[in-house]
Structure formats: structure tokens, C-alpha cells
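So this one's protein_2.txt, compact mmCIF, C-alpha atoms:
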```
# COMPACT_ATOMS: atom_id res chain seq x y z
CA GLY A 145 19.05 21.62 -3.42
CA GLY A 146 16.31 19.48 -4.95
CA ASP A 147 14.84 16.44 -3.14
CA VAL A 148 15.37 13.16 -4.98
CA SER A 149 13.45 9.87 -4.86
CA GLU A 150 14.57 6.29 -5.42
CA SER A 151 13.01 6.14 -8.91
CA GLU A 152 15.42 8.70 -10.37
CA ARG A 153 18.56 7.44 -12.02
CA PRO A 154 21.76 9.40 -11.40
CA LEU A 155 22.23 11.79 -14.31
CA ASN A 156 25.52 13.54 -14.99
CA VAL A 157 26.11 15.56 -18.13
CA GLY A 158 29.64 16.72 -18.75
CA GLY A 159 30.77 15.29 -15.42
CA SER A 160 28.61 17.60 -13.32
CA GLY A 161 25.77 16.13 -11.28
CA VAL A 162 25.10 19.18 -9.12
CA VAL A 163 24.95 22.78 -10.31
CA ASP A 164 25.13 25.70 -7.89
CA LEU A 165 21.83 27.58 -7.67
CA SER A 166 23.61 30.93 -8.05
CA LEU A 167 24.34 30.08 -11.70
CA PHE A 168 20.67 30.81 -12.43
CA ASP A 169 20.78 34.34 -10.97
CA GLY A 170 19.48 36.88 -13.46
CA PHE A 171 16.99 34.57 -15.16
CA SER A 172 13.28 35.36 -14.95
CA TYR A 173 12.29 31.69 -14.81
CA VAL A 174 14.27 28.45 -14.90
CA ALA A 175 12.38 25.23 -15.63
CA LEU A 176 14.33 22.15 -14.60
CA GLY A 177 13.55 18.49 -15.17
CA HIS A 178 14.67 15.01 -14.13
CA LEU A 179 13.64 15.17 -10.45
CA HIS A 180 10.22 13.59 -9.97
CA ARG A 181 8.94 15.88 -7.21
CA ASN A 182 7.44 19.27 -8.12
CA GLN A 183 9.53 21.78 -6.15
CA TRP A 184 10.59 25.39 -6.18
CA LEU A 185 14.24 25.96 -5.19
CA ASN A 186 13.75 29.72 -4.97
CA GLU A 187 11.41 32.34 -6.51
CA THR A 188 12.49 31.60 -10.09
CA VAL A 189 14.03 28.09 -10.21
CA HIS A 190 11.54 25.23 -10.45
CA TYR A 191 11.57 21.47 -10.95
CA ALA A 192 8.36 20.54 -12.75
CA GLY A 193 8.36 16.98 -11.43
CA SER A 194 6.93 13.95 -13.19
CA PRO A 195 3.21 13.82 -13.97
CA MET A 196 2.94 10.26 -12.55
CA LYS A 197 4.35 8.33 -9.61
CA TYR A 198 7.05 5.89 -10.71
CA SER A 199 7.92 4.18 -7.40
CA PHE A 200 6.65 3.75 -3.88
CA SER A 201 9.18 6.37 -2.71
CA GLU A 202 6.92 8.85 -4.52
CA SER A 203 3.72 7.67 -2.82
CA LEU A 204 3.40 10.88 -0.77
CA HIS A 205 4.16 13.20 -3.70
CA ASN A 206 1.34 15.39 -4.98
CA LYS A 207 1.66 15.26 -8.77
CA SER A 208 0.81 18.37 -10.73
CA VAL A 209 1.63 20.60 -13.67
CA THR A 210 2.60 24.21 -13.16
CA PHE A 211 1.22 26.94 -15.38
CA VAL A 212 3.67 29.87 -15.39
CA GLU A 213 2.90 33.20 -17.01
CA LEU A 214 5.81 35.58 -17.64
CA ASN A 215 5.75 39.30 -18.28
CA THR A 216 8.58 41.71 -19.09
CA SER A 217 9.75 41.82 -15.47
CA GLY A 218 9.67 38.04 -14.81
CA ILE A 219 7.06 35.73 -13.36
CA ALA A 220 3.63 37.35 -13.36
CA THR A 221 1.71 34.32 -12.06
CA SER A 222 2.20 30.65 -11.40
CA GLU A 223 -0.50 28.11 -10.71
CA SER A 224 -0.11 24.48 -9.71
CA ILE A 225 -2.78 22.23 -11.22
CA SER A 226 -3.16 18.89 -9.40
CA LEU A 227 -3.17 15.67 -11.39
CA VAL A 228 -5.28 12.88 -9.94
CA PRO A 229 -4.57 9.43 -11.40
CA ARG A 230 -7.22 6.77 -11.85
CA HIS A 231 -5.13 4.48 -9.59
CA ASP A 232 -2.82 6.06 -7.03
CA VAL A 233 0.45 4.58 -5.71
CA ARG A 234 0.21 3.97 -1.96
CA THR A 235 1.78 2.10 0.93
CA ILE A 236 -0.27 0.31 3.58
CA LYS A 237 1.06 -1.36 6.70
CA GLY A 238 -0.43 -3.37 9.51
CA ILE A 239 -1.58 -6.79 10.67
CA LEU A 240 -3.05 -8.87 7.82
CA ASP A 241 -6.52 -9.25 9.38
CA ASN A 242 -6.74 -5.49 10.02
CA ILE A 243 -5.66 -4.69 6.45
CA ILE A 244 -8.30 -7.03 5.02
CA ASN A 245 -11.01 -5.59 7.31
CA GLN A 246 -10.08 -2.01 6.36
CA SER A 247 -10.28 -2.88 2.65
CA LYS A 248 -14.07 -3.07 2.91
CA GLU A 249 -14.18 0.65 3.72
CA ASP A 250 -11.37 1.64 1.32
CA PRO A 251 -12.85 3.46 -1.71
CA ALA A 252 -9.47 3.21 -3.48
CA HIS A 253 -8.95 -0.53 -2.98
CA ASP A 254 -7.75 -0.81 -6.60
CA ASP A 255 -4.77 1.55 -6.17
CA TYR A 256 -1.24 0.24 -6.84
CA LEU A 257 -0.04 -0.88 -3.43
CA SER A 258 3.01 -1.81 -1.44
CA ILE A 259 1.79 -3.62 1.65
CA SER A 260 3.94 -4.11 4.73
CA ILE A 261 2.60 -7.03 6.77
CA GLU A 262 3.53 -6.73 10.46
CA ASP A 263 2.39 -10.23 11.53
CA LYS A 264 5.26 -12.11 13.17
CA GLU A 265 4.20 -15.61 12.09
CA PRO A 266 4.56 -17.02 8.57
CA ILE A 267 1.47 -16.70 6.35
CA LEU A 268 0.97 -19.11 3.47
CA ASP A 269 -0.18 -17.65 0.12
CA LEU A 270 -0.10 -14.08 1.35
CA LEU A 271 -0.68 -12.62 -2.11
CA GLY A 272 -3.63 -14.96 -2.63
CA LYS A 273 -5.17 -13.71 0.63
CA LEU A 274 -4.70 -10.02 -0.35
CA ARG A 275 -5.73 -10.04 -4.05
CA PRO A 276 -9.50 -10.44 -3.50
CA PHE A 277 -9.45 -7.23 -1.46
CA TYR A 278 -6.58 -5.35 -3.11
CA PRO A 279 -6.27 -6.54 -6.74
CA ASN A 280 -3.29 -4.32 -7.60
CA VAL A 281 -0.79 -5.32 -4.92
CA LEU A 282 2.65 -4.81 -6.48
CA ASN A 283 4.92 -5.31 -3.47
CA ILE A 284 4.70 -7.15 -0.15
CA GLU A 285 7.16 -6.58 2.67
CA ARG A 286 7.54 -8.68 5.81
CA PRO A 287 9.78 -6.63 8.14
CA GLY A 288 9.03 -8.91 11.11
CA LEU A 289 10.45 -11.90 9.26
CA SER A 290 13.61 -10.32 7.88
CA PHE A 291 16.71 -12.43 8.29
CA GLN A 292 19.45 -10.79 10.35
CA ALA A 293 22.75 -12.01 8.89
CA ASN A 294 24.78 -10.23 11.56
CA SER A 295 23.01 -12.21 14.28
CA LEU A 296 24.53 -15.54 13.22
CA GLU A 297 26.58 -17.17 15.90
CA SER A 298 29.56 -18.52 13.96
CA SER A 299 31.22 -19.99 17.07
CA ILE A 300 28.53 -22.71 17.37
CA ASP A 301 29.07 -25.97 15.52
CA HIS A 302 25.54 -26.58 14.22
CA ARG A 303 26.40 -30.22 13.51
CA THR A 304 26.45 -30.88 17.28
CA LEU A 305 22.95 -29.48 17.95
CA THR A 306 19.82 -31.56 18.32
CA ASP A 307 16.99 -30.99 15.86
CA LEU A 308 15.10 -28.96 18.48
CA GLU A 309 18.17 -26.83 19.32
CA LEU A 310 18.83 -26.25 15.62
CA PHE A 311 15.22 -25.26 14.94
CA SER A 312 15.20 -23.00 18.05
CA ALA A 313 18.35 -21.22 16.83
CA PHE A 314 16.82 -20.78 13.36
CA PHE A 315 13.57 -19.45 14.86
CA LYS A 316 15.46 -16.90 17.00
CA GLN A 317 17.57 -15.73 14.03
CA THR A 318 14.57 -15.21 11.76
CA THR A 319 12.05 -13.77 14.25
CA GLY A 320 14.23 -12.20 16.95
CA SER A 321 12.22 -14.10 19.60
CA ASP A 322 12.91 -17.24 21.60
CA LEU A 323 10.92 -20.30 20.64
CA ASP A 324 8.19 -20.95 23.23
CA ILE A 325 7.75 -24.71 23.55
CA LYS A 326 4.89 -25.95 25.71
```
Before anything else, please render the file you have as C-alpha cells.
Amino acid sequence: GGDVSESERPLNVGGSGVVDLSLFDGFSYVALGHLHRNQWLNETVHYAGSPMKYSFSESLHNKSVTFVELNTSGIATSESISLVPRHDVRTIKGILDNIINQSKEDPAHDDYLSISIEDKEPILDLLGKLRPFYPNVLNIERPGLSFQANSLESSIDHRTLTDLELFSAFFKQTTGSDLDIK
């Protein structure tokens, strides 16, 4: 029942990757590991989570340690203590000019970042444009420029197309828009 993130490797010991929660019935407290998100599965079964973020899939996780005090009847108290890293792991998305303008007001501009650029046109030296404002960019995505392999028209003999027709077909495949020639 625990939530996983992309930074966790599949772990199977003895051929079992998933254990039924009812197997922990009768225990006062069960501390589990391996999953990176701090989470309680019920009143007594708890994944501690990792103390740091290890991928951008964990960017929205609140990292913490849990202090659990037990008494003779089970859990007496539990307290979650937040951990705040010097540099967080975050994701930013938007148009390049807007991202750069927002950086001037961003007190955490030196966080570890994945930036999704939504501009539709190609941008030369994108990392070079971002680094002065966000020095710890670790990943750049360009969803508007993603190549759609399933959009290829295999019935067209590209050898018969003019240069303009060939470039127009390439432009449409890579941007999803028709080339506007004026």
C-alpha cells in the first residue's frame, strides 16, 4: 500500500515484492524502509522515507525523520521533524523569458532544478541562458519540441519532395504545427 517514486529500485527478497499489511497485525510498531516517501500505512506500520530527495519525482515530498516513543501498550507518541536541505529539488516550467524574469525574485535560485521550457521555437544554448540565473539546473525538458515517431507518414516517398516540402513535413512532425511561410 505504500506510494513509490521513480528513484526507488525494485527490491524483492525471497521472491516477494509485496507483503500483505495484515502480516503486521499484533505488532506495536513496524518501521519499514526502502520507499523514499515518509508514510503511515495504518496506526502502527510506517515507512520512514529517505532523509533527502533523490530524483525529481520526489520534488513534492516533505522530507522528515519520525521520533516514535513506545510504552507497554504500543505507540505513546510520534512526532515528525521536518528536514530542510540547503538546496531543495524542484521543478519549474514555463516560457524561457518568464522563467528568467521570475528568477530575480526567487530566493531559492540555487536549488537543484528540472526546468521544462514551453517555448515552441528552438533556443540555442539554452543551458547557457539559464545558468546565470539558476546555477544548479540538472535537467531541461522541451515538451513542445518532442518528436512524435507515430506521426511519420511512411506512405510518402521523401525522395520525391522538394526541399521546401521536405522541410515543411519535418517542421510539422517536430512541432505539431504547419509551417507558416510568408
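Our summary of the geometry notes that CA of Gln183 in chain A is positioned 27.5 Å from CA of Leu282 in chain A.
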Point to revise | Selection: 12 Å around Leu270 in chain A, all atoms listed in the file, excl. self and same-chain fewer than 5 positions, as a list in words | key: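 In the requested form, the answer reads Ile239, Leu240, Asp241, Ile244, Ile259, Ser260, Ile261, Asp263, Glu265, Arg275, Pro276, Phe277, Tyr278, Val281, Asn283, Ile284, Glu285 and Arg286 of chain A.
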**Study point:** Top pick for closest residue to Leu214 in chain A, considering A:Gly193, A:Phe171, A:Glu262, A:Asn280 and counting all atoms listed in the file
**Key:** A:Phe171
**Study point:** Interatomic distance, CA of Pro195 in chain A to CA of Val209 in chain A (Å, one decimal)
**Key:**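 Interatomic distance, CA of Pro195 in chain A to CA of Val209 in chain A: 7.0 Å.
With CA of Pro287 in chain A on one side and CA of Ile325 in chain A on the other, the separation reads 23.8 Å.
Shortest separation to Val148 in chain A among A:Phe211, A:Phe311, A:Tyr191, A:Phe168 occurs at residue A:Tyr191, atoms counted being all atoms listed in the file.
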Revision key, fill the gap. Using all atoms listed in the file, the residue out of A:Thr210, A:Gln246, A:Thr235, A:Ser321 with shortest distance to Leu289 in chain A is A:Ser321
Kindly compute an axis-aligned box around the listed atoms of range 192-202 of chain A, allowing 5 Å on each side, and express its centre and edge lengths in Å to one decimal as lines of an AutoDock Vina configuration file.
```
center_x = 6.1
center_y = 12.1
center_z = -8.3
size_x = 16.2
size_y = 26.8
size_z = 21.3
```
